[in-house]
>>> print(open('coords12.cif').read())   # mmCIF, C-alpha atoms
data_data
#
loop_
_atom_site.group_PDB
_atom_site.id
_atom_site.type_symbol
_atom_site.label_atom_id
_atom_site.label_comp_id
_atom_site.auth_asym_id
_atom_site.auth_seq_id
_atom_site.Cartn_x
_atom_site.Cartn_y
_atom_site.Cartn_z
ATOM 1 C CA MET A 1 1.921 12.257 3.475
ATOM 2 C CA SER A 2 -0.159 10.725 6.212
ATOM 3 C CA VAL A 3 -3.173 8.589 5.364
ATOM 4 C CA THR A 4 -6.456 9.199 7.155
ATOM 5 C CA TRP A 5 -8.812 6.238 7.278
ATOM 6 C CA TYR A 6 -12.547 6.713 7.771
ATOM 7 C CA GLU A 7 -14.824 3.944 8.985
ATOM 8 C CA CYS A 8 -18.133 4.189 7.134
ATOM 9 C CA LYS A 9 -21.137 2.171 8.273
ATOM 10 C CA VAL A 10 -23.420 1.431 5.340
ATOM 11 C CA LYS A 11 -26.912 -0.050 5.388
ATOM 12 C CA TYR A 12 -27.737 -1.829 2.139
ATOM 13 C CA ALA A 13 -29.445 -4.922 0.730
ATOM 14 C CA LYS A 14 -26.913 -7.760 0.650
ATOM 15 C CA PHE A 15 -27.371 -11.233 -0.803
ATOM 16 C CA ASP A 16 -27.621 -13.760 2.030
ATOM 17 C CA GLU A 17 -26.069 -17.033 0.836
ATOM 18 C CA ALA A 18 -27.861 -19.120 3.470
ATOM 19 C CA SER A 19 -31.394 -18.031 2.547
ATOM 20 C CA GLY A 20 -30.795 -16.983 -1.047
ATOM 21 C CA LEU A 21 -32.547 -13.659 -0.376
ATOM 22 C CA ARG A 22 -31.345 -10.079 -0.229
ATOM 23 C CA LYS A 23 -31.476 -8.791 3.345
ATOM 24 C CA LEU A 24 -30.767 -5.370 4.820
ATOM 25 C CA LYS A 25 -27.375 -5.341 6.528
ATOM 26 C CA THR A 26 -25.350 -2.606 8.201
ATOM 27 C CA GLU A 27 -21.629 -3.208 7.711
ATOM 28 C CA PRO A 28 -18.492 -1.124 8.314
ATOM 29 C CA PHE A 29 -16.083 -0.328 5.476
ATOM 30 C CA LEU A 30 -12.761 1.528 5.588
ATOM 31 C CA VAL A 31 -12.074 4.377 3.161
ATOM 32 C CA ASP A 32 -8.940 6.468 2.664
ATOM 33 C CA ALA A 33 -10.005 10.123 2.355
ATOM 34 C CA VAL A 34 -8.985 13.648 3.360
ATOM 35 C CA SER A 35 -12.351 14.734 4.809
ATOM 36 C CA TYR A 36 -15.737 13.436 5.895
ATOM 37 C CA THR A 37 -17.233 14.779 2.673
ATOM 38 C CA GLU A 38 -14.733 12.907 0.522
ATOM 39 C CA ALA A 39 -15.235 9.745 2.619
ATOM 40 C CA GLU A 40 -18.997 9.962 1.975
ATOM 41 C CA LYS A 41 -18.426 10.472 -1.759
ATOM 42 C CA ARG A 42 -15.897 7.629 -2.020
ATOM 43 C CA ILE A 43 -17.960 5.076 -0.076
ATOM 44 C CA THR A 44 -20.968 5.927 -2.240
ATOM 45 C CA GLU A 45 -18.891 5.293 -5.386
ATOM 46 C CA GLU A 46 -17.283 2.121 -4.020
ATOM 47 C CA MET A 47 -20.631 0.609 -2.971
ATOM 48 C CA GLN A 48 -22.295 1.017 -6.398
ATOM 49 C CA PRO A 49 -21.160 -2.422 -7.687
ATOM 50 C CA PHE A 50 -22.834 -4.081 -4.663
ATOM 51 C CA LEU A 51 -26.234 -2.502 -5.327
ATOM 52 C CA ASN A 52 -28.873 -3.681 -7.770
ATOM 53 C CA GLU A 53 -30.453 -1.244 -10.232
ATOM 54 C CA GLY A 54 -32.805 1.066 -8.360
ATOM 55 C CA GLU A 55 -31.578 0.020 -4.896
ATOM 56 C CA GLY A 56 -30.290 2.604 -2.530
ATOM 57 C CA MET A 57 -28.044 2.596 0.476
ATOM 58 C CA LEU A 58 -27.842 4.593 3.668
ATOM 59 C CA ILE A 59 -24.604 5.765 5.262
ATOM 60 C CA THR A 60 -25.417 5.543 8.965
ATOM 61 C CA ASN A 61 -22.087 6.714 10.399
ATOM 62 C CA ILE A 62 -18.693 8.051 9.371
ATOM 63 C CA LYS A 63 -15.841 8.371 11.850
ATOM 64 C CA VAL A 64 -12.075 8.647 11.739
ATOM 65 C CA ALA A 65 -10.579 5.189 12.254
ATOM 66 C CA ASN A 66 -7.608 4.771 14.553
ATOM 67 C CA PHE A 67 -5.365 2.764 12.204
ATOM 68 C CA ALA A 68 -1.747 3.745 11.661
ATOM 69 C CA GLU A 69 -1.329 1.264 8.789
ATOM 70 C CA VAL A 70 -3.370 -1.180 6.714
ATOM 71 C CA HIS A 71 -1.706 -4.378 5.458
ATOM 72 C CA PRO A 72 -3.441 -6.686 2.978
ATOM 73 C CA PHE A 73 -2.082 -10.216 2.637
ATOM 74 C CA GLU A 74 -2.540 -12.810 -0.053
ATOM 75 C CA ASN A 75 -5.090 -15.620 0.395
ATOM 76 C CA ALA A 76 -6.779 -13.989 3.386
ATOM 77 C CA ASP A 77 -10.430 -13.044 3.724
ATOM 78 C CA ARG A 78 -10.894 -11.281 7.082
ATOM 79 C CA TRP A 79 -9.464 -8.161 8.721
ATOM 80 C CA PHE A 80 -7.894 -8.109 12.180
ATOM 81 C CA LYS A 81 -7.035 -5.182 14.435
ATOM 82 C CA ALA A 82 -3.576 -5.579 15.946
ATOM 83 C CA LYS A 83 -2.433 -3.421 18.858
ATOM 84 C CA VAL A 84 1.285 -2.737 18.629
ATOM 85 C CA SER A 85 3.145 -1.141 21.553
ATOM 86 C CA LEU A 86 6.284 0.702 20.474
ATOM 87 C CA ILE A 87 8.778 0.693 23.325
ATOM 88 C CA ALA A 88 11.138 3.634 23.854
ATOM 89 C CA PHE A 89 13.535 4.385 26.685
ATOM 90 C CA ASP A 90 13.154 7.859 28.192
ATOM 91 C CA GLU A 91 16.704 8.880 29.174
ATOM 92 C CA GLN A 92 15.591 11.815 31.340
ATOM 93 C CA SER A 93 13.312 9.821 33.620
ATOM 94 C CA GLY A 94 15.066 6.485 33.136
ATOM 95 C CA LYS A 95 11.791 4.716 32.399
ATOM 96 C CA GLU A 96 10.425 2.704 29.524
ATOM 97 C CA ARG A 97 7.694 4.449 27.581
ATOM 98 C CA LYS A 98 5.118 2.620 25.446
ATOM 99 C CA THR A 99 3.219 4.196 22.579
ATOM 100 C CA ASN A 100 0.324 2.211 21.148
ATOM 101 C CA GLU A 101 -0.712 2.148 17.522
ATOM 102 C CA TYR A 102 -3.206 -0.031 15.702
ATOM 103 C CA LEU A 103 -2.680 -1.919 12.454
ATOM 104 C CA LEU A 104 -5.394 -3.463 10.306
ATOM 105 C CA VAL A 105 -4.043 -6.763 9.004
ATOM 106 C CA GLN A 106 -5.670 -9.212 6.625
ATOM 107 C CA ALA A 107 -5.566 -12.890 7.653
ATOM 108 C CA ASN A 108 -7.678 -16.036 7.990
ATOM 109 C CA ASN A 109 -7.368 -16.458 11.780
ATOM 110 C CA VAL A 110 -5.860 -14.803 14.853
ATOM 111 C CA LYS A 111 -2.609 -16.790 14.721
ATOM 112 C CA GLU A 112 -2.061 -15.825 11.094
ATOM 113 C CA ALA A 113 -2.966 -12.207 11.922
ATOM 114 C CA PHE A 114 -0.274 -12.189 14.630
ATOM 115 C CA GLU A 115 2.271 -13.617 12.174
ATOM 116 C CA ASN A 116 1.254 -11.076 9.514
ATOM 117 C CA THR A 117 1.627 -8.265 12.056
ATOM 118 C CA VAL A 118 5.146 -9.459 12.884
ATOM 119 C CA TYR A 119 5.892 -9.542 9.143
ATOM 120 C CA ALA A 120 4.502 -6.004 8.696
ATOM 121 C CA MET A 121 6.722 -4.790 11.554
ATOM 122 C CA LYS A 122 9.884 -6.556 10.289
ATOM 123 C CA ASP A 123 11.598 -3.310 9.211
ATOM 124 C CA THR A 124 10.952 -1.557 12.525
ATOM 125 C CA MET A 125 14.213 -0.502 14.127
ATOM 126 C CA GLY A 126 12.948 -0.126 17.684
ATOM 127 C CA GLU A 127 11.508 -2.580 20.146
ATOM 128 C CA TYR A 128 7.814 -3.385 20.073
ATOM 129 C CA SER A 129 5.323 -5.853 21.465
ATOM 130 C CA ILE A 130 1.953 -7.042 20.172
ATOM 131 C CA PRO A 131 -0.340 -7.201 23.229
ATOM 132 C CA ALA A 132 -3.614 -7.799 21.346
ATOM 133 C CA VAL A 133 -4.982 -9.107 18.062
ATOM 134 C CA ALA A 134 -8.735 -9.296 17.492
ATOM 135 C CA GLU A 135 -11.016 -9.804 14.529
ATOM 136 C CA SER A 136 -12.346 -6.551 13.128
ATOM 137 C CA PRO A 137 -15.890 -6.067 11.839
ATOM 138 C CA ILE A 138 -14.446 -4.223 8.796
ATOM 139 C CA VAL A 139 -15.827 -5.883 5.649
ATOM 140 C CA ASP A 140 -13.617 -4.248 3.023
ATOM 141 C CA VAL A 141 -10.942 -1.573 2.622
ATOM 142 C CA PHE A 142 -10.894 1.045 -0.141
ATOM 143 C CA PRO A 143 -7.530 2.862 -0.359
ATOM 144 C CA TYR A 144 -7.074 5.963 -2.481
ATOM 145 C CA PHE A 145 -4.703 5.817 -5.426
ATOM 146 C CA THR A 146 -4.001 8.819 -7.635
ATOM 147 C CA GLY A 147 -3.426 6.809 -10.801
ATOM 148 C CA GLU A 148 0.069 8.265 -11.207
ATOM 149 C CA GLU A 149 2.614 5.859 -12.628
ATOM 150 C CA GLU A 150 4.624 5.373 -9.411
ATOM 151 C CA ASN A 151 1.461 4.544 -7.474
ATOM 152 C CA SER A 152 -0.157 2.312 -10.121
ATOM 153 C CA GLU A 153 2.029 -0.697 -9.286
ATOM 154 C CA ARG A 154 1.377 -0.195 -5.586
ATOM 155 C CA ALA A 155 -2.365 0.120 -6.245
ATOM 156 C CA GLU A 156 -2.463 -3.012 -8.369
ATOM 157 C CA GLU A 157 -0.507 -4.963 -5.741
ATOM 158 C CA PHE A 158 -2.752 -3.761 -2.885
ATOM 159 C CA ILE A 159 -5.912 -4.706 -4.794
ATOM 160 C CA ARG A 160 -4.461 -8.066 -5.897
ATOM 161 C CA LEU A 161 -3.569 -8.994 -2.322
ATOM 162 C CA LYS A 162 -6.840 -7.731 -0.857
ATOM 163 C CA ASP A 163 -9.010 -9.563 -3.407
ATOM 164 C CA SER A 164 -7.105 -12.861 -3.363
ATOM 165 C CA VAL A 165 -9.160 -15.843 -2.243
ATOM 166 C CA PRO A 166 -7.962 -18.253 0.452
ATOM 167 C CA VAL A 167 -6.775 -21.572 -0.931
ATOM 168 C CA SER A 168 -9.076 -23.494 1.404
ATOM 169 C CA ALA A 169 -12.152 -21.476 0.436
ATOM 170 C CA THR A 170 -13.828 -24.323 -1.421
ATOM 171 C CA GLU A 171 -17.354 -24.829 -0.199
ATOM 172 C CA ASN A 172 -18.270 -28.124 1.388
ATOM 173 C CA GLU A 173 -21.544 -28.971 -0.370
ATOM 174 C CA GLU A 174 -22.796 -31.164 2.487
ATOM 175 C CA LEU A 175 -22.281 -28.386 5.070
ATOM 176 C CA ALA A 176 -23.821 -25.804 2.746
ATOM 177 C CA MET A 177 -26.918 -27.978 2.378
ATOM 178 C CA GLU A 178 -27.162 -28.360 6.164
ATOM 179 C CA ASP A 179 -26.876 -24.573 6.571
ATOM 180 C CA SER A 180 -29.651 -23.949 4.063
ATOM 181 C CA LEU A 181 -31.896 -26.541 5.743
ATOM 182 C CA VAL A 182 -31.310 -24.971 9.171
ATOM 183 C CA ALA A 183 -32.117 -21.516 7.754
ATOM 184 C CA GLU A 184 -35.384 -22.845 6.247
ATOM 185 C CA GLU A 185 -36.391 -24.427 9.585
ATOM 186 C CA GLU A 186 -35.794 -21.125 11.438
ATOM 187 C CA GLU A 187 -38.161 -19.255 9.115
#
>>> encode(input="coords12.cif", output="C-alpha cells")
Amino acid sequence: MSVTWYECKVKYAKFDEASGLRKLKTEPFLVDAVSYTEAEKRITEEMQPFLNEGEGMLITNIKVANFAEVHPFENADRWFKAKVSLIAFDEQSGKERKTNEYLLVQANNVKEAFENTVYAMKDTMGEYSIPAVAESPIVDVFPYFTGEEENSERAEEFIRLKDSVPVSATENEELAMEDSLVAEEEE
C-alpha cells in the first residue's frame, strides 16, 4: 500500500527559547493520511501536546507532499529533502532515462543527509544519482500506524529514531547567555 504524505502548515503559540516567551509561529509538519480530511484530523490530534490549556491553533494550508519515502535516523534533529534520480536504459530509443523522486531524510547537516540517503538507497538494484540535498522546513513527521502487532515494532522503531537526540546537543551556557542578551537588546 502506498503512503500519501500531507504537508500541513500550522500557526500556533510556540515557546521561544531565546526570549522565554510564547510567540505565534507558522511551521510545516508532515502527516501520513488517506485524505485531506484525515490529514486535518490527524494534525489537530498530533499538535495537542504542544498547546497550552485554552490555546488554539490554525491550520493555514494542507497539500500533498511529494515524498516517495521518509527515513528517520538516530541522533539527528533536522529533516532534509534529497532528490534521487533513478536511471533506466530505454532499449527502444537507446537512451538513458531519469526518473526523479524525493526522499525526506533525517540528519544533522547536508553531508550526513547525503550519507543517510545513500544508506536508505543501499538495497536499490538499479543505478541512481543524488543531484540535490537541501534542508527542509519540515519540523516534525507523524506517520500512521494501525497498532497491529506486525506494525507495532516498526512504529516503535520509527518513533525511537525520530525522537532521538543528537549526541552533541548539549547547550553551551555561554553562547545561550549571549543569545538571550542579544534578544533583549533587539526588543
>>> resolve_selection(input="coords12.cif", expression="the PyMOL selection byres ((chain A and resi 22) around 12)", output="list in words")
Tyr12, Ala13, Lys14, Phe15, Asp16, Glu17, Ala18, Ser19, Gly20, Leu21, Lys23, Leu24, Lys25, Phe50, Leu51, Asn52 and Glu55 of chain A
>>> residues_around(input="coords12.cif", residues="Lys111 in chain A", least_positions_apart="4", cutoff="12 Å", atoms="only C-alpha atoms", output="ChimeraX atom specification")
/A:80,82,105-107,115-118,132-135
>>> closest_residue(input="coords12.cif", among="A:Met121, A:Leu103, A:Ile43, A:Leu161", to="Ser136 in chain A", atoms="only C-alpha atoms")
A:Leu103
>>> residues_around(input="coords12.cif", residues="Arg42 in chain A", least_positions_apart="6", cutoff="12 Å", atoms="all atoms listed in the file", output="PyMOL selection string")
chain A and resi 5-8+29-36+48+59+62+141-145
>>> atom_distance(input="coords12.cif", atom1="CA of Trp79 in chain A", atom2="CA of Glu45 in chain A")
21.7 Å
>>> closest_residue(input="coords12.cif", among="A:Tyr128, A:Phe67, A:Tyr119, A:Phe73", to="Glu96 in chain A", atoms="only C-alpha atoms")
A:Tyr128
>>> atom_distance(input="coords12.cif", atom1="CA of Lys95 in chain A", atom2="CA of Asp123 in chain A")
24.5 Å
>>> closest_residue(input="coords12.cif", among="A:Met47, A:Ala65, A:Val3, A:Ala76", to="Asn109 in chain A", atoms="all atoms listed in the file")
A:Ala76
>>> residues_near_point(input="coords12.cif", point="(-1.9, 7.9, 7.7)", cutoff="7 Å", atoms="all atoms listed in the file", output="JSON, numbers by chain")
{"A": [2, 3, 4, 68, 69]}
>>> atom_distance(input="coords12.cif", atom1="CA of Pro49 in chain A", atom2="CA of Asn75 in chain A")
22.3 Å
>>> resolve_selection(input="coords12.cif", expression="the PyMOL selection byres ((chain A and resi 100) around 9)", output="ChimeraX atom specification")
/A:83-87,98-99,101-102
>>> write_last_selection(input="coords12.cif", atoms="C-alpha atoms", output="mmCIF file, keeping the file's coordinate frame")
data_model
loop_
_atom_site.group_PDB
_atom_site.id
_atom_site.type_symbol
_atom_site.label_atom_id
_atom_site.label_comp_id
_atom_site.auth_asym_id
_atom_site.auth_seq_id
_atom_site.Cartn_x
_atom_site.Cartn_y
_atom_site.Cartn_z
ATOM 1 C CA LYS A 83 -2.433 -3.421 18.858
ATOM 2 C CA VAL A 84 1.285 -2.737 18.629
ATOM 3 C CA SER A 85 3.145 -1.141 21.553
ATOM 4 C CA LEU A 86 6.284 0.702 20.474
ATOM 5 C CA ILE A 87 8.778 0.693 23.325
ATOM 6 C CA LYS A 98 5.118 2.620 25.446
ATOM 7 C CA THR A 99 3.219 4.196 22.579
ATOM 8 C CA GLU A 101 -0.712 2.148 17.522
ATOM 9 C CA TYR A 102 -3.206 -0.031 15.702
#
>>> closest_residue(input="coords12.cif", among="A:Ser129, A:Val64, A:Thr26, A:Gly56", to="Ala39 in chain A", atoms="all atoms listed in the file")
A:Val64
